[in-house]
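work_37.txt (compact mmCIF, C-alpha atoms and all ligand atoms) appears below.
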# COMPACT_ATOMS: atom_id res chain seq x y z
CA MET A 1 0.00 0.00 0.00
CA ASN A 2 2.84 2.33 0.85
CA ALA A 3 4.15 1.84 -2.70
CA GLY A 4 0.95 3.43 -4.05
CA ALA A 5 -1.39 0.50 -4.76
CA GLU A 6 -5.09 1.37 -4.50
CA ARG A 7 -6.13 -2.13 -3.45
CA VAL A 8 -4.12 -5.13 -2.32
CA ILE A 9 -5.22 -8.76 -2.06
CA GLY A 10 -2.85 -11.00 -0.10
CA PHE A 11 -2.92 -14.75 -0.63
CA ASP A 12 -1.45 -17.34 1.69
CA ARG A 13 -2.19 -21.05 1.93
CA ASP A 14 -1.20 -20.99 5.61
CA PRO A 15 -4.23 -19.99 7.72
CA SER A 16 -2.01 -19.04 10.68
CA VAL A 17 -0.44 -16.01 8.95
CA PHE A 18 -3.56 -13.83 8.98
CA GLN A 19 -4.02 -13.20 12.68
CA PRO A 20 -0.94 -10.93 13.00
CA LEU A 21 -2.17 -8.97 9.96
CA ALA A 22 -5.31 -7.68 11.71
CA SER A 23 -3.68 -4.28 12.28
CA LEU A 24 -3.18 -3.86 8.51
CA LYS A 25 -6.87 -4.50 7.98
CA GLU A 26 -7.69 -1.88 10.63
CA GLN A 27 -5.36 0.61 8.99
CA PHE A 28 -6.42 0.11 5.36
CA GLY A 29 -10.00 -1.19 5.62
CA ASP A 30 -11.47 -2.36 2.30
CA LYS A 31 -8.31 -1.46 0.45
CA ILE A 32 -6.65 -4.61 1.73
CA ASN A 33 -8.04 -8.13 1.78
CA PHE A 34 -6.64 -11.53 2.60
CA VAL A 35 -7.46 -14.84 0.98
CA ASN A 36 -6.54 -18.16 2.54
CA ASP A 37 -5.85 -20.13 -0.61
CA ARG A 38 -3.01 -21.30 -2.82
CA PHE A 39 -1.83 -18.70 -5.32
CA SER A 40 -2.35 -21.20 -8.15
CA ASN A 41 -6.07 -20.45 -7.53
CA MET A 42 -5.74 -16.66 -7.75
CA ALA A 43 -7.83 -16.41 -10.94
CA ALA A 44 -10.81 -17.84 -9.02
CA HIS A 45 -10.69 -14.84 -6.65
CA VAL A 46 -9.57 -11.86 -8.77
CA ALA A 47 -9.52 -10.63 -12.36
CA HIS A 48 -7.86 -7.65 -14.08
CA VAL A 49 -5.07 -6.68 -11.75
CA ASP A 50 -2.19 -4.22 -12.26
CA GLY A 51 0.42 -6.32 -10.53
CA VAL A 52 1.14 -9.77 -9.12
CA VAL A 53 3.95 -10.44 -6.62
CA LEU A 54 4.86 -14.04 -5.87
CA ASP A 55 7.08 -14.21 -2.78
CA LEU A 56 7.94 -17.90 -2.92
CA GLY A 57 8.88 -20.50 -0.36
CA VAL A 58 8.75 -20.57 3.39
CA SER A 59 8.42 -17.59 5.75
CA SER A 60 10.64 -16.70 8.71
CA MET A 61 7.64 -17.23 10.95
CA GLN A 62 7.18 -20.78 9.64
CA LEU A 63 10.91 -21.55 9.88
CA ASP A 64 11.21 -20.26 13.42
CA GLU A 65 8.26 -22.21 14.83
CA ALA A 66 9.70 -25.59 15.83
CA GLU A 67 6.19 -27.08 15.88
CA ARG A 68 5.87 -26.62 12.11
CA GLY A 69 8.84 -28.90 11.41
CA PHE A 70 10.47 -26.81 8.66
CA SER A 71 13.82 -26.28 10.34
CA PHE A 72 16.71 -28.69 10.84
CA MET A 73 17.98 -26.36 13.56
CA ASN A 74 14.97 -26.81 15.87
CA ASN A 75 13.54 -30.09 17.06
CA GLY A 76 9.85 -30.54 16.35
CA PRO A 77 7.36 -32.85 14.63
CA LEU A 78 8.43 -33.56 11.04
CA ASP A 79 5.47 -31.77 9.48
CA MET A 80 6.43 -29.07 6.88
CA ARG A 81 2.87 -28.50 5.64
CA MET A 82 2.29 -24.82 4.90
CA GLY A 83 -1.42 -25.32 4.45
CA GLN A 84 -1.90 -27.81 7.27
CA GLU A 85 -3.58 -30.27 4.90
CA GLY A 86 -2.51 -33.43 3.08
CA PRO A 87 0.42 -35.72 3.92
CA SER A 88 3.24 -34.37 6.12
CA ALA A 89 6.99 -34.83 5.65
CA ALA A 90 6.82 -37.62 8.27
CA ASP A 91 4.16 -39.42 6.18
CA LEU A 92 6.39 -39.07 3.17
CA VAL A 93 9.59 -40.46 4.73
CA ASN A 94 7.78 -43.20 6.65
CA GLN A 95 5.54 -44.42 3.84
CA SER A 96 7.07 -43.68 0.43
CA ALA A 97 9.10 -46.22 -1.51
CA GLU A 98 12.88 -45.84 -1.23
CA LYS A 99 13.20 -44.85 -4.89
CA GLU A 100 10.61 -42.10 -4.51
CA ILE A 101 12.41 -40.64 -1.51
CA ALA A 102 15.67 -40.73 -3.47
CA ASP A 103 14.03 -39.04 -6.48
CA ILE A 104 12.57 -36.29 -4.28
CA LEU A 105 15.94 -35.58 -2.64
CA TYR A 106 17.75 -35.58 -5.98
CA LEU A 107 15.27 -33.76 -8.20
CA PHE A 108 13.89 -31.23 -5.71
CA GLY A 109 16.96 -30.67 -3.52
CA GLU A 110 19.83 -31.49 -5.92
CA GLU A 111 21.16 -33.78 -3.15
CA ARG A 112 23.87 -35.94 -4.69
CA ALA A 113 23.81 -38.47 -1.84
CA SER A 114 20.06 -38.98 -2.41
CA ARG A 115 20.20 -42.76 -2.81
CA ARG A 116 22.35 -43.31 0.26
CA ILE A 117 20.13 -41.06 2.39
CA ALA A 118 16.97 -42.76 1.10
CA ARG A 119 18.41 -46.19 1.92
CA ARG A 120 19.32 -45.05 5.44
CA ILE A 121 15.82 -43.60 5.94
CA VAL A 122 14.23 -46.91 4.99
CA GLU A 123 16.61 -48.86 7.28
CA ALA A 124 15.89 -46.49 10.17
CA ARG A 125 12.10 -46.57 9.80
CA GLN A 126 12.09 -50.36 9.86
CA LYS A 127 13.37 -50.10 13.45
CA GLN A 128 11.34 -47.08 14.50
CA ALA A 129 9.10 -44.58 12.71
CA ILE A 130 10.70 -41.19 11.98
CA HIS A 131 8.74 -38.59 13.95
CA THR A 132 10.84 -35.49 14.47
CA THR A 133 13.10 -33.13 12.55
CA PHE A 134 16.06 -34.26 14.65
CA ASP A 135 15.29 -37.95 13.89
CA LEU A 136 15.78 -37.07 10.24
CA VAL A 137 18.81 -34.83 10.86
CA ASP A 138 20.53 -37.72 12.68
CA ILE A 139 19.90 -40.07 9.74
CA ILE A 140 21.31 -37.53 7.25
CA LYS A 141 24.33 -36.79 9.48
CA ALA A 142 25.12 -40.51 9.61
CA VAL A 143 25.42 -40.53 5.80
CA LEU A 144 27.07 -37.21 4.97
CA PRO A 145 30.45 -35.88 6.15
CA ALA A 146 30.35 -33.45 9.09
CA GLN A 147 29.76 -29.80 8.24
CA LYS A 148 32.99 -27.82 7.74
CA LYS A 149 33.28 -24.11 8.46
CA GLY A 150 31.52 -22.08 5.77
CA GLN A 151 29.60 -25.11 4.43
CA ALA A 152 25.85 -25.52 4.50
CA HIS A 153 24.36 -27.81 7.16
CA PRO A 154 24.26 -31.40 5.77
CA ALA A 155 20.43 -31.50 6.06
CA THR A 156 19.88 -28.29 4.04
CA ARG A 157 19.18 -29.92 0.67
CA SER A 158 17.09 -32.80 2.04
CA PHE A 159 14.88 -30.48 4.10
CA GLN A 160 14.39 -28.18 1.11
CA ALA A 161 13.48 -31.15 -1.10
CA LEU A 162 10.96 -32.60 1.34
CA ARG A 163 9.33 -29.21 1.92
CA ILE A 164 8.95 -28.71 -1.83
CA ALA A 165 7.43 -32.18 -2.24
CA VAL A 166 5.06 -31.85 0.73
CA ASN A 167 3.75 -28.50 -0.53
CA ASN A 168 3.86 -29.31 -4.24
CA GLU A 169 5.80 -26.11 -4.70
CA TYR A 170 6.91 -26.56 -8.30
CA ASP A 171 3.38 -27.33 -9.50
CA GLU A 172 2.23 -24.29 -7.54
CA LEU A 173 4.82 -22.07 -9.21
CA PHE A 174 3.97 -23.47 -12.66
CA GLU A 175 0.24 -22.88 -12.16
CA GLY A 176 0.77 -19.56 -10.38
CA LEU A 177 2.75 -18.04 -13.24
CA HIS A 178 0.10 -19.10 -15.76
CA ALA A 179 -2.70 -17.80 -13.50
CA ALA A 180 -0.94 -14.44 -13.16
CA GLU A 181 -0.69 -14.21 -16.94
CA LYS A 182 -4.48 -14.66 -17.16
CA ILE A 183 -5.44 -11.97 -14.66
CA LEU A 184 -2.85 -9.26 -15.40
CA LYS A 185 -4.01 -6.24 -17.41
CA ALA A 186 -1.90 -5.07 -20.34
CA GLY A 187 0.99 -3.11 -18.83
CA GLY A 188 0.67 -4.94 -15.48
CA LEU A 189 3.77 -6.27 -13.76
CA LEU A 190 4.55 -9.84 -12.70
CA MET A 191 7.22 -9.86 -9.97
CA VAL A 192 8.62 -13.09 -8.60
CA VAL A 193 11.01 -13.52 -5.69
CA SER A 194 12.65 -16.96 -5.74
CA PHE A 195 15.02 -18.54 -3.24
CA HIS A 196 16.91 -21.27 -5.07
CA SER A 197 18.21 -22.15 -8.49
CA ILE A 198 15.39 -24.45 -9.66
CA GLU A 199 12.70 -21.87 -8.83
CA ASP A 200 14.69 -19.11 -10.50
CA ARG A 201 15.21 -21.25 -13.60
CA MET A 202 11.45 -21.89 -13.88
CA VAL A 203 10.65 -18.17 -13.63
CA LYS A 204 13.38 -17.25 -16.10
CA ARG A 205 12.24 -19.85 -18.65
CA PHE A 206 8.58 -18.82 -18.29
CA PHE A 207 9.49 -15.19 -18.97
CA GLN A 208 11.79 -16.11 -21.87
CA HIS A 209 9.17 -18.31 -23.56
CA ARG A 210 6.37 -15.82 -23.04
CA ALA A 211 8.56 -12.98 -24.31
CA GLY A 212 9.18 -14.98 -27.49
CA ARG A 213 12.86 -15.44 -26.70
CA LEU A 214 12.97 -19.22 -26.41
CA GLY A 215 11.36 -21.25 -29.14
CA GLY A 216 7.90 -19.76 -28.48
CA ASN A 217 8.02 -17.97 -31.78
CA ASN A 218 8.78 -19.77 -35.04
CA ARG A 219 11.33 -17.72 -36.92
CA PHE A 220 10.36 -19.46 -40.20
CA LEU A 221 6.82 -18.08 -40.07
CA PRO A 222 6.12 -14.64 -41.56
CA GLU A 223 5.97 -11.99 -38.82
CA ALA A 224 2.21 -11.54 -39.14
CA GLU A 225 1.63 -15.23 -38.33
CA GLN A 226 3.96 -15.35 -35.33
CA GLU A 227 2.42 -15.52 -31.91
CA ALA A 228 2.59 -12.15 -30.18
CA PRO A 229 4.51 -12.33 -26.88
CA GLN A 230 2.50 -12.15 -23.63
CA PHE A 231 5.31 -10.56 -21.64
CA GLU A 232 8.17 -8.14 -22.02
CA ILE A 233 11.12 -8.86 -19.74
CA VAL A 234 11.91 -5.92 -17.43
CA THR A 235 14.87 -7.39 -15.51
CA ARG A 236 17.44 -8.82 -17.94
CA LYS A 237 19.35 -10.09 -14.91
CA PRO A 238 17.65 -10.97 -11.61
CA ILE A 239 17.89 -8.40 -8.82
CA ALA A 240 19.52 -9.49 -5.54
CA ALA A 241 19.32 -7.81 -2.14
CA ASP A 242 22.01 -5.17 -1.59
CA GLU A 243 24.31 -4.97 1.45
CA LYS A 244 22.01 -2.48 3.19
CA GLU A 245 19.04 -4.84 2.95
CA LEU A 246 21.14 -7.85 3.94
CA ALA A 247 22.28 -6.06 7.08
CA VAL A 248 18.69 -5.93 8.34
CA ASN A 249 17.40 -9.09 6.65
CA PRO A 250 20.17 -11.69 6.24
CA ARG A 251 17.67 -14.34 5.06
CA ALA A 252 17.33 -12.34 1.82
CA ARG A 253 20.83 -13.53 0.84
CA SER A 254 19.59 -16.10 -1.68
CA ALA A 255 16.52 -14.14 -2.87
CA LEU A 256 16.33 -13.17 -6.56
CA LEU A 257 13.68 -10.89 -8.07
CA ARG A 258 12.60 -11.13 -11.70
CA VAL A 259 10.03 -8.79 -13.27
CA ALA A 260 8.11 -8.91 -16.56
CA ARG A 261 5.41 -6.63 -18.01
CA ARG A 262 2.22 -8.11 -19.49
CA THR A 263 1.48 -7.13 -23.06
CA ALA A 264 -1.98 -6.95 -24.62
CA ALA A 265 -1.48 -10.30 -26.42
CA GLN A 266 -3.93 -13.09 -25.68
CA THR A 267 -2.92 -15.93 -23.38
CA THR A 268 -2.04 -19.11 -25.26
CA ALA A 269 -1.70 -22.75 -24.22
CA ALA A 270 0.28 -23.45 -21.05
CA LEU A 271 3.96 -24.26 -21.43
CA SER A 272 5.16 -27.78 -20.67
CA ALA A 273 7.10 -28.73 -17.53
CA LYS A 274 10.06 -29.42 -19.83
CA ASP A 275 9.85 -25.95 -21.39
CA MET A 276 10.09 -24.50 -17.90
CA GLY A 277 12.96 -26.71 -16.71
CA MET A 278 10.68 -28.04 -13.99
CA PRO A 279 11.71 -31.27 -12.23
CA LYS A 280 8.85 -33.77 -12.37
CA LEU A 281 8.32 -36.87 -10.26
CA GLY A 282 5.98 -39.65 -11.25
CA ALA A 283 2.78 -39.57 -9.19
CA LEU A 284 3.81 -40.24 -5.59
CA LYS A 285 2.94 -43.75 -4.49
CA TYR A 286 3.17 -44.83 -0.88
CA ALA A 287 5.02 -48.08 -0.33
C1 LIG B 301 8.63 -15.98 1.72
S1 LIG B 301 7.13 -16.08 2.60
C2 LIG B 301 6.33 -14.58 2.30
C3 LIG B 301 6.51 -13.64 3.36
C4 LIG B 301 5.73 -12.35 3.21
N1 LIG B 301 5.79 -11.81 1.88
C5 LIG B 301 6.30 -11.37 4.21
O1 LIG B 301 6.99 -10.47 3.78
O2 LIG B 301 6.10 -11.59 5.39
C6 LIG B 301 6.20 -17.17 1.67
C7 LIG B 301 4.76 -17.34 2.12
O3 LIG B 301 4.08 -17.88 1.01
C8 LIG B 301 3.18 -18.86 1.43
N2 LIG B 301 3.04 -19.76 0.29
C9 LIG B 301 3.97 -20.58 -0.23
N3 LIG B 301 3.49 -21.22 -1.29
C10 LIG B 301 2.22 -20.77 -1.45
C11 LIG B 301 1.19 -21.04 -2.40
N4 LIG B 301 1.39 -21.91 -3.39
N5 LIG B 301 0.02 -20.39 -2.29
C12 LIG B 301 -0.18 -19.51 -1.28
N6 LIG B 301 0.74 -19.20 -0.35
C13 LIG B 301 1.92 -19.83 -0.44
C14 LIG B 301 3.82 -19.50 2.64
O4 LIG B 301 2.83 -20.08 3.47
C15 LIG B 301 4.54 -18.31 3.28
O5 LIG B 301 3.75 -17.73 4.26
Entire entry expressed as C-alpha cells:
Amino acid sequence: MNAGAERVIGFDRDPSVFQPLASLKEQFGDKINFVNDRFSNMAAHVAHVDGVVLDLGVSSMQLDEAERGFSFMNNGPLDMRMGQEGPSAADLVNQSAEKEIADILYLFGEERASRRIARRIVEARQKQAIHTTFDLVDIIKAVLPAQKKGQAHPATRSFQALRIAVNNEYDELFEGLHAAEKILKAGGLLMVVSFHSIEDRMVKRFFQHRAGRLGGNNRFLPEAEQEAPQFEIVTRKPIAADEKELAVNPRARSALLRVARRTAAQTTAALSAKDMGMPKLGALKYA
C-alpha cells in the first residue's frame, strides 16, 4: 500500500499467517483483503489486476516455529505442511518407496547423496518410525560428512526437497505463473522472488518463452503469423538484495527478483514442464 497500490489482495495457503495482519486490515479497511488459498487459484478470486507479486517458499515465521517442522535447527514434529492439509513430511519419509524418496531428494533438492540417504531412511524406519526433525537430521548426518566451516548444514538440501514435495511447490509455481498471466491487465507487472536455483530457472524460462525469446516464436513463419509475446522482460538479470538490505534481513541472501510486463497479447496454451525446466516426479505412491 505504501508503494501506491489502491487495493491489495494478499494470498497465503497458511491460515495461521492472517491473525498478526489484523492491524493492517484496521489501517487500510477495504483497500486490503486476505485470501486463505493457494496462489495457483488466484484467478478464481480476482480478475484484471495491475500487478502480481509471488514471494515464494517458506516464511521466517514458519521456519522459526519448531512445531511446524520446517527447520533442521529446531527439534519438532516432522510436518512441513504450509497449508496444514494433506500428507506431512513424516508421512512421506515413513511411507514412500525408497526410490521415490531418493528421487525427491535428488530432483527437488539437488542432493547428490540422495540414494544413500533414502536407503538409510528406509533402514531407520524399519526399526522405529521417523517422527521429528532431529530424527531425520541424525539419519542424514550418519550418511554425509560433518559440516565444515563455511559449508551448509548437511540437512539443508534434504529439508528443502521434502518441503517442496510436501507442498507441491513446483506445481504451484507453474500454475501460479500461468494464472498471473491470465489476470494481469496489459501493462501490469509480474514480480517473482525466488530462493533457489530451480525456482529461479522456472521463472526465467517462463518469462523467456512468453517474451518470445525461447522457441515460443517460429522464426520461419512470416511476422504476421507469429504468436505475439504475452510478456516483455523488465529485468534482464535478476535483482539481488544489496548490502544495506542484507544487514537488516540476512535471510534475503539467496533471494532473486525477476520482473516482466504483461502485453496486450492473448494468453495461449500453457507451457510444458520441460519448457520450464521443472523437475517432475511420477505420481507419488506410498510403499
Ligand atoms: C517468503 S514467505 C512470504 C513472506 C511475506 N511476503 C512477508 O513479507 O512476510 C512465503 C509465504 O508464502 C506462502 N506460500 C507458499 N506457497 C504458497 C502457495 N502456493 N500459495 C499460497 N501461499 C503460499 C507460505 O505459506 C509463506 O507464508
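Excluding region 256-260 of chain A and any residue on its chain fewer than 4 positions from it, the residues at most 7 Å away by only C-alpha atoms are A:Leu189, A:Leu190, A:Met191, A:Val192, A:Val193, A:Ser194, A:Phe195, A:Phe207, A:Phe231, A:Glu232, A:Ile233, A:Val234, A:Thr235, A:Pro238, A:Ile239, A:Ala240.
Restricting the calculation to only C-alpha atoms, the smallest distance between Ala165 (chain A) and any of A:Leu56, A:Ala247, A:Leu105, A:Leu63 is found for A:Leu105.
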Around ligand LIG 301 (chain B), at most 7 Å away and counting all atoms listed in the file, which residues are there? Put them as an mmCIF file with C-alpha atoms, in the coordinates of the input, please.
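Result file follows (pocket.cif):
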data_model
loop_
_atom_site.group_PDB
_atom_site.id
_atom_site.type_symbol
_atom_site.label_atom_id
_atom_site.label_comp_id
_atom_site.auth_asym_id
_atom_site.auth_seq_id
_atom_site.Cartn_x
_atom_site.Cartn_y
_atom_site.Cartn_z
ATOM 1 C CA PHE A 11 -2.920 -14.750 -0.630
ATOM 2 C CA ASP A 12 -1.450 -17.340 1.690
ATOM 3 C CA ARG A 13 -2.190 -21.050 1.930
ATOM 4 C CA ASP A 14 -1.200 -20.990 5.610
ATOM 5 C CA VAL A 17 -0.440 -16.010 8.950
ATOM 6 C CA ASP A 37 -5.850 -20.130 -0.610
ATOM 7 C CA ARG A 38 -3.010 -21.300 -2.820
ATOM 8 C CA PHE A 39 -1.830 -18.700 -5.320
ATOM 9 C CA SER A 40 -2.350 -21.200 -8.150
ATOM 10 C CA ASP A 55 7.080 -14.210 -2.780
ATOM 11 C CA LEU A 56 7.940 -17.900 -2.920
ATOM 12 C CA GLY A 57 8.880 -20.500 -0.360
ATOM 13 C CA VAL A 58 8.750 -20.570 3.390
ATOM 14 C CA SER A 59 8.420 -17.590 5.750
ATOM 15 C CA MET A 82 2.290 -24.820 4.900
ATOM 16 C CA GLY A 83 -1.420 -25.320 4.450
ATOM 17 C CA GLU A 169 5.800 -26.110 -4.700
ATOM 18 C CA GLU A 172 2.230 -24.290 -7.540
ATOM 19 C CA LEU A 173 4.820 -22.070 -9.210
#
For CA of Val8 (chain A) and CA of Phe70 (chain A), the interatomic separation in Å (one decimal): 28.3 Å
Surrounding residues of region 125-142 of chain A excluding itself and chain neighbours under 2 positions, 12 Å, all atoms listed in the file, as a PyMOL selection string: chain A and resi 66-80+88-98+105+111+113-123+144-147+153-159+162-163
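Taking CA of Pro87 (chain A) as the reference point, CA of Tyr106 (chain A) is found at 20.0 Å.
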Contacts of Ala211 (chain A) within 10 Å, all atoms listed in the file, excl. fewer than 2 positions in-chain, as a PyMOL selection string: chain A and resi 205-209+213-217+228-233+260-263
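From CA of Asn168 (chain A) back to CA of Asp275 (chain A), the distance works out to 18.5 Å.
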Residues near Ile183 (chain A), cut-off 8 Å, only C-alpha atoms, skip fewer than 2 positions along chain, as a PyMOL selection string: chain A and resi 43+46-49+179-181+185
File for region 147-191 of chain A (C-alpha atoms), as a JSON list (two decimals), in the first residue's frame:
[["chain", "number", "residue", "atom", "x", "y", "z"],
["A", 147, "GLN", "CA", 29.76, -29.80, 8.24],
["A", 148, "LYS", "CA", 32.99, -27.82, 7.74],
["A", 149, "LYS", "CA", 33.28, -24.11, 8.46],
["A", 150, "GLY", "CA", 31.52, -22.08, 5.77],
["A", 151, "GLN", "CA", 29.60, -25.11, 4.43],
["A", 152, "ALA", "CA", 25.85, -25.52, 4.50],
["A", 153, "HIS", "CA", 24.36, -27.81, 7.16],
["A", 154, "PRO", "CA", 24.26, -31.40, 5.77],
["A", 155, "ALA", "CA", 20.43, -31.50, 6.06],
["A", 156, "THR", "CA", 19.88, -28.29, 4.04],
["A", 157, "ARG", "CA", 19.18, -29.92, 0.67],
["A", 158, "SER", "CA", 17.09, -32.80, 2.04],
["A", 159, "PHE", "CA", 14.88, -30.48, 4.10],
["A", 160, "GLN", "CA", 14.39, -28.18, 1.11],
["A", 161, "ALA", "CA", 13.48, -31.15, -1.10],
["A", 162, "LEU", "CA", 10.96, -32.60, 1.34],
["A", 163, "ARG", "CA", 9.33, -29.21, 1.92],
["A", 164, "ILE", "CA", 8.95, -28.71, -1.83],
["A", 165, "ALA", "CA", 7.43, -32.18, -2.24],
["A", 166, "VAL", "CA", 5.06, -31.85, 0.73],
["A", 167, "ASN", "CA", 3.75, -28.50, -0.53],
["A", 168, "ASN", "CA", 3.86, -29.31, -4.24],
["A", 169, "GLU", "CA", 5.80, -26.11, -4.70],
["A", 170, "TYR", "CA", 6.91, -26.56, -8.30],
["A", 171, "ASP", "CA", 3.38, -27.33, -9.50],
["A", 172, "GLU", "CA", 2.23, -24.29, -7.54],
["A", 173, "LEU", "CA", 4.82, -22.07, -9.21],
["A", 174, "PHE", "CA", 3.97, -23.47, -12.66],
["A", 175, "GLU", "CA", 0.24, -22.88, -12.16],
["A", 176, "GLY", "CA", 0.77, -19.56, -10.38],
["A", 177, "LEU", "CA", 2.75, -18.04, -13.24],
["A", 178, "HIS", "CA", 0.10, -19.10, -15.76],
["A", 179, "ALA", "CA", -2.70, -17.80, -13.50],
["A", 180, "ALA", "CA", -0.94, -14.44, -13.16],
["A", 181, "GLU", "CA", -0.69, -14.21, -16.94],
["A", 182, "LYS", "CA", -4.48, -14.66, -17.16],
["A", 183, "ILE", "CA", -5.44, -11.97, -14.66],
["A", 184, "LEU", "CA", -2.85, -9.26, -15.40],
["A", 185, "LYS", "CA", -4.01, -6.24, -17.41],
["A", 186, "ALA", "CA", -1.90, -5.07, -20.34],
["A", 187, "GLY", "CA", 0.99, -3.11, -18.83],
["A", 188, "GLY", "CA", 0.67, -4.94, -15.48],
["A", 189, "LEU", "CA", 3.77, -6.27, -13.76],
["A", 190, "LEU", "CA", 4.55, -9.84, -12.70],
["A", 191, "MET", "CA", 7.22, -9.86, -9.97]]
